[in-house]
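S.K.: Sharing a structure here in structure tokens format.
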Amino acid sequence: METKKNTTLREGFLVKRGHLVHNWKPRWFVLMPDKLLYFKYDGGKRDSCQRGKILLKDCGITSPFLDYENRPLVIKLRTKNGVDHFLEACSREERDDWAGDISAATEKLRGPESVKGPNLQTTTTGPQLHDINLIKVLESMYDVHSGIKMGNHLDHGSSYSNCFSGSAVVDWLVFSQLALTRVEALTLASALQEESFLWPVGLKSVEALRTAGLTEHFMDDSTALYSFSDSLKKRGSVKAETSMSAVELSGKVIKRGYLLKQGHMRKNWKVRLFVLRSEPAYLHYYDPTKDDISPVGGFSLRACLVSSLGDNGVPSGVKGNIQGNLFKIITQEDTHYFIQAPTQQQKIDWIEAIRQHT
């Protein structure tokens, strides 16, 4: 029985909000059958001493949790003692996988007599739209304080202001308890679009509307953009602008994940959120401790060289106490980037993905 309790169900980087000082810090999380442990990375290596744990028995989970405007990938955990923990994943897929695995673990701790999960509500039937007042849904969504957050988004080289993604709409509908599941939220969003309350913006959502049938033409997709109809002017109209930075960030997202990067000047190791895009092929990295949605750096993958570095000893150019799973990228301008993946398999996956787009 003790062996089962010590089984690792899942592990990886998440960004955690502090309890006293509400800053965000990347931590290495290990999910076990009855608890969630987290560790700090000291330089380039994981600290052997855990920084804390979250007991999962009678723990509630809310996902998606959308109270943080620039952090749409947060999971909220509430322990049985009422302590809240906020954890941010690197992508919607990672967020949903973490939430699903944590929910499954808490469900097993509740015992066979329990039918429902902690806070993840499910339903066997779709939403009954004739019981839903779409005007009230629209008013709630449009509310400047509690409604969906609008911002600038990129699509095929153009920057659109005062809009939001399809997956953000689905997240908001679930978070606001106007739908119990993403399937229900998608149906509700499609109804809002059919009534011209929501309009497609950019090529992807416009093309989806043009080619789809009468139902489910709304896209639960982070790259499909939408806005409120032109009749709703108070919160700003959509404007499209093109710039080099917009083009650079407009490619299709191929891969996202937390990696450790060595700084160029101080040679210290920091966890960064890396995003690989194609057409054009760029690799950008973001500081997960900041609310700023702009990358802190990035480079074109055109003519880049990427190579795996051995884990026997410290390779030339690498400083500090490292965990391993190293690889190096040399740009066309001969800038060297040293990067650590959390696992050997992730290193292999990143190298392969980057090579396919150089």
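Residue numbering restarts at 1 in every chain; chains get A, B, ... in the order shown in the structure tokens, and ligands count up from 1 in that same order.
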Among segment 1-142 of chain A, which ones does DSSP assign to alpha helix (DSSP H) (computed from the backbone)? Answer as JSON, numbers by chain.
M.R.: {"A": [2, 3, 4, 5, 92, 93, 94, 95, 96, 97, 98, 99, 100, 101, 102, 103, 104, 105, 106, 107, 108, 109, 110, 134, 135, 136, 137, 138, 139, 140, 141, 142]}
S.K.: From the list A:Gly320, A:Gly251, A:Pro72, A:Pro33, which residue is nearest Arg277 of chain A when using only C-alpha atoms?
M.R.: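 Answer, going by the shortest atom-to-atom distance: A:Gly251.
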S.K.: Ranking A:Cys59, A:His85, A:Ser294, A:Leu225 by minimum distance to His22 of chain A and counting only C-alpha atoms, which one comes first?
M.R.: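 Using only C-alpha atoms, His22 of chain A sits closest to A:His85.
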S.K.: Which is closest to Phe327 of chain A among A:Ile75, A:Ala353, A:Ile348, A:Leu273, if we use only C-alpha atoms?
M.R.: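 So, comparing all the options, the nearest one is A:Ile348.
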S.K.: Quick one: distance from atom CA of Met141 of chain A to atom CA of Phe65 of chain A in Å, one decimal?
M.R.: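 Distance reported for this atom pair: 15.4 Å.
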S.K.: Taking the backbone alone, and naming residues the way the document does, which bits of segment 259-358 of chain A are strand (DSSP E or B) by DSSP, as number ranges by chain?
M.R.: A: 259-262, 269-278, 282-286, 297-300, 305-308, 322, 326-330, 336-340
S.K.: I want to know what sits within 12 Å of Lys261 of chain A, based on only C-alpha atoms, with residues of the same chain fewer than 6 positions away left out; could you give that as a compact mmCIF listing (two decimals) with N, CA, C and O atoms, in the first residue's frame?
M.R.:
```txt
# COMPACT_ATOMS: atom_id res chain seq x y z
N GLY A 43 19.24 27.24 -9.66
CA GLY A 43 20.05 27.36 -10.87
C GLY A 43 19.49 26.45 -11.94
O GLY A 43 18.36 26.58 -12.35
N GLY A 44 20.30 25.50 -12.37
CA GLY A 44 19.85 24.60 -13.42
C GLY A 44 19.53 23.21 -12.92
O GLY A 44 19.43 22.27 -13.71
N LYS A 45 19.34 23.04 -11.61
CA LYS A 45 19.11 21.70 -11.06
C LYS A 45 17.98 21.74 -10.03
O LYS A 45 17.85 22.69 -9.28
N LYS A 267 24.95 34.09 -17.15
CA LYS A 267 25.07 32.63 -17.26
C LYS A 267 24.24 31.88 -16.22
O LYS A 267 24.53 30.72 -15.91
N ASN A 268 23.23 32.55 -15.66
CA ASN A 268 22.35 31.86 -14.71
C ASN A 268 21.23 31.17 -15.46
O ASN A 268 20.90 31.50 -16.60
N TRP A 269 20.60 30.19 -14.81
CA TRP A 269 19.56 29.39 -15.45
C TRP A 269 18.19 29.85 -14.96
O TRP A 269 17.97 30.01 -13.76
N LYS A 270 17.27 30.06 -15.91
CA LYS A 270 15.92 30.50 -15.59
C LYS A 270 14.91 29.64 -16.36
O LYS A 270 15.15 29.26 -17.51
N VAL A 271 13.78 29.36 -15.72
CA VAL A 271 12.68 28.67 -16.40
C VAL A 271 11.99 29.66 -17.33
O VAL A 271 11.61 30.76 -16.90
N ARG A 272 11.83 29.28 -18.56
CA ARG A 272 11.14 30.12 -19.54
C ARG A 272 10.09 29.28 -20.27
O ARG A 272 10.26 28.07 -20.45
N LEU A 273 9.03 29.96 -20.68
CA LEU A 273 8.02 29.32 -21.51
C LEU A 273 8.43 29.49 -22.96
O LEU A 273 8.48 30.61 -23.48
N PHE A 274 8.75 28.40 -23.64
CA PHE A 274 9.17 28.45 -25.04
C PHE A 274 7.99 28.14 -25.95
O PHE A 274 7.20 27.22 -25.66
N HIS A 284 10.27 31.69 -29.67
CA HIS A 284 10.21 32.78 -28.70
C HIS A 284 10.18 32.21 -27.29
O HIS A 284 9.73 31.07 -27.07
N TYR A 285 10.64 33.01 -26.34
CA TYR A 285 10.57 32.58 -24.95
C TYR A 285 10.03 33.72 -24.08
O TYR A 285 10.28 34.89 -24.35
N TYR A 286 9.28 33.33 -23.06
CA TYR A 286 8.54 34.25 -22.20
C TYR A 286 8.95 34.02 -20.75
O TYR A 286 9.31 32.91 -20.36
N ASP A 287 8.85 35.07 -19.94
CA ASP A 287 9.12 34.98 -18.50
C ASP A 287 7.81 34.62 -17.79
O ASP A 287 6.91 35.45 -17.71
N GLY A 297 12.32 37.38 -25.49
CA GLY A 297 13.34 37.12 -26.50
C GLY A 297 12.85 36.12 -27.52
O GLY A 297 11.80 35.50 -27.37
N GLY A 298 13.61 35.99 -28.58
CA GLY A 298 13.26 35.04 -29.63
C GLY A 298 14.17 35.21 -30.82
O GLY A 298 14.92 36.17 -30.91
N VAL A 318 28.84 26.04 -20.87
CA VAL A 318 27.74 25.86 -19.91
C VAL A 318 28.26 26.13 -18.50
O VAL A 318 29.32 25.61 -18.11
N LYS A 319 27.54 26.92 -17.74
CA LYS A 319 27.94 27.27 -16.38
C LYS A 319 26.89 26.76 -15.39
O LYS A 319 25.74 26.49 -15.75
N GLY A 320 27.28 26.67 -14.13
CA GLY A 320 26.34 26.39 -13.06
C GLY A 320 26.11 24.91 -12.81
O GLY A 320 26.68 24.03 -13.46
N ILE A 322 23.97 21.92 -13.18
CA ILE A 322 22.94 21.57 -14.15
C ILE A 322 22.35 20.19 -13.88
O ILE A 322 22.99 19.33 -13.29
N ASN A 325 20.08 16.77 -19.73
CA ASN A 325 19.13 16.90 -20.84
C ASN A 325 19.36 18.21 -21.60
O ASN A 325 18.42 18.95 -21.91
N LEU A 326 20.63 18.48 -21.88
CA LEU A 326 21.02 19.74 -22.51
C LEU A 326 20.97 19.66 -24.03
O LEU A 326 21.23 18.61 -24.62
N PHE A 327 20.65 20.80 -24.65
CA PHE A 327 20.87 20.95 -26.09
C PHE A 327 21.23 22.40 -26.39
O PHE A 327 21.01 23.29 -25.57
N LYS A 328 21.80 22.60 -27.57
CA LYS A 328 22.30 23.92 -27.95
C LYS A 328 21.71 24.32 -29.31
O LYS A 328 21.60 23.49 -30.20
N ILE A 329 21.36 25.59 -29.42
CA ILE A 329 20.90 26.14 -30.69
C ILE A 329 21.85 27.26 -31.09
O ILE A 329 22.15 28.15 -30.28
N HIS A 336 24.66 31.69 -29.50
CA HIS A 336 24.53 30.35 -28.93
C HIS A 336 23.53 30.37 -27.77
O HIS A 336 23.66 31.18 -26.84
N TYR A 337 22.57 29.47 -27.82
CA TYR A 337 21.58 29.31 -26.74
C TYR A 337 21.75 27.92 -26.13
O TYR A 337 21.70 26.91 -26.85
N PHE A 338 21.96 27.87 -24.81
CA PHE A 338 22.04 26.61 -24.09
C PHE A 338 20.73 26.40 -23.33
O PHE A 338 20.30 27.27 -22.56
N ILE A 339 20.11 25.24 -23.54
CA ILE A 339 18.77 24.98 -23.02
C ILE A 339 18.74 23.59 -22.37
O ILE A 339 19.38 22.65 -22.87
N GLN A 340 18.01 23.49 -21.25
CA GLN A 340 17.78 22.21 -20.59
C GLN A 340 16.31 21.84 -20.66
O GLN A 340 15.45 22.67 -20.35
N ALA A 341 16.03 20.61 -21.05
CA ALA A 341 14.67 20.09 -20.99
C ALA A 341 14.47 19.36 -19.67
O ALA A 341 15.44 18.88 -19.08
N PRO A 342 13.24 19.27 -19.19
CA PRO A 342 13.01 18.57 -17.91
C PRO A 342 13.33 17.09 -17.97
O PRO A 342 13.74 16.51 -16.97
```
S.K.: What are the nearest atom pairs, with distances in Å to one decimal, for all residues of segment 142-205 of chain A that come at most 12 Å from segment 93-103 of chain A, using only C-alpha atoms, set out by chain and rising residue number as a Markdown table?
M.R.:
```
| residue | atom | partner | partner_atom | distance |
| --- | --- | --- | --- | --- |
| A:Ser167 | CA | A:Glu93 | CA | 11.5 |
| A:Asp171 | CA | A:Asp96 | CA | 11.2 |
| A:Arg182 | CA | A:Asp96 | CA | 11.2 |
```
S.K.: Output N, CA, C and O atoms for every residue in that selection, as a PDB file, in the first residue's frame.
M.R.:
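Just written: out.pdb:
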```pdb
ATOM      1  N   SER A 167     -11.244  29.641 -27.904  1.00  0.00           N
ATOM      2  CA  SER A 167     -11.055  28.854 -26.686  1.00  0.00           C
ATOM      3  C   SER A 167     -11.220  29.712 -25.439  1.00  0.00           C
ATOM      4  O   SER A 167     -11.642  29.217 -24.386  1.00  0.00           O
ATOM      5  N   ASP A 171     -13.631  28.808 -22.421  1.00  0.00           N
ATOM      6  CA  ASP A 171     -13.135  28.853 -21.042  1.00  0.00           C
ATOM      7  C   ASP A 171     -14.025  29.733 -20.170  1.00  0.00           C
ATOM      8  O   ASP A 171     -14.393  29.364 -19.047  1.00  0.00           O
ATOM      9  N   ARG A 182     -17.122  21.776 -21.887  1.00  0.00           N
ATOM     10  CA  ARG A 182     -16.665  22.498 -23.076  1.00  0.00           C
ATOM     11  C   ARG A 182     -17.581  22.230 -24.267  1.00  0.00           C
ATOM     12  O   ARG A 182     -17.762  23.093 -25.129  1.00  0.00           O
TER      13      ARG A 182
END
```
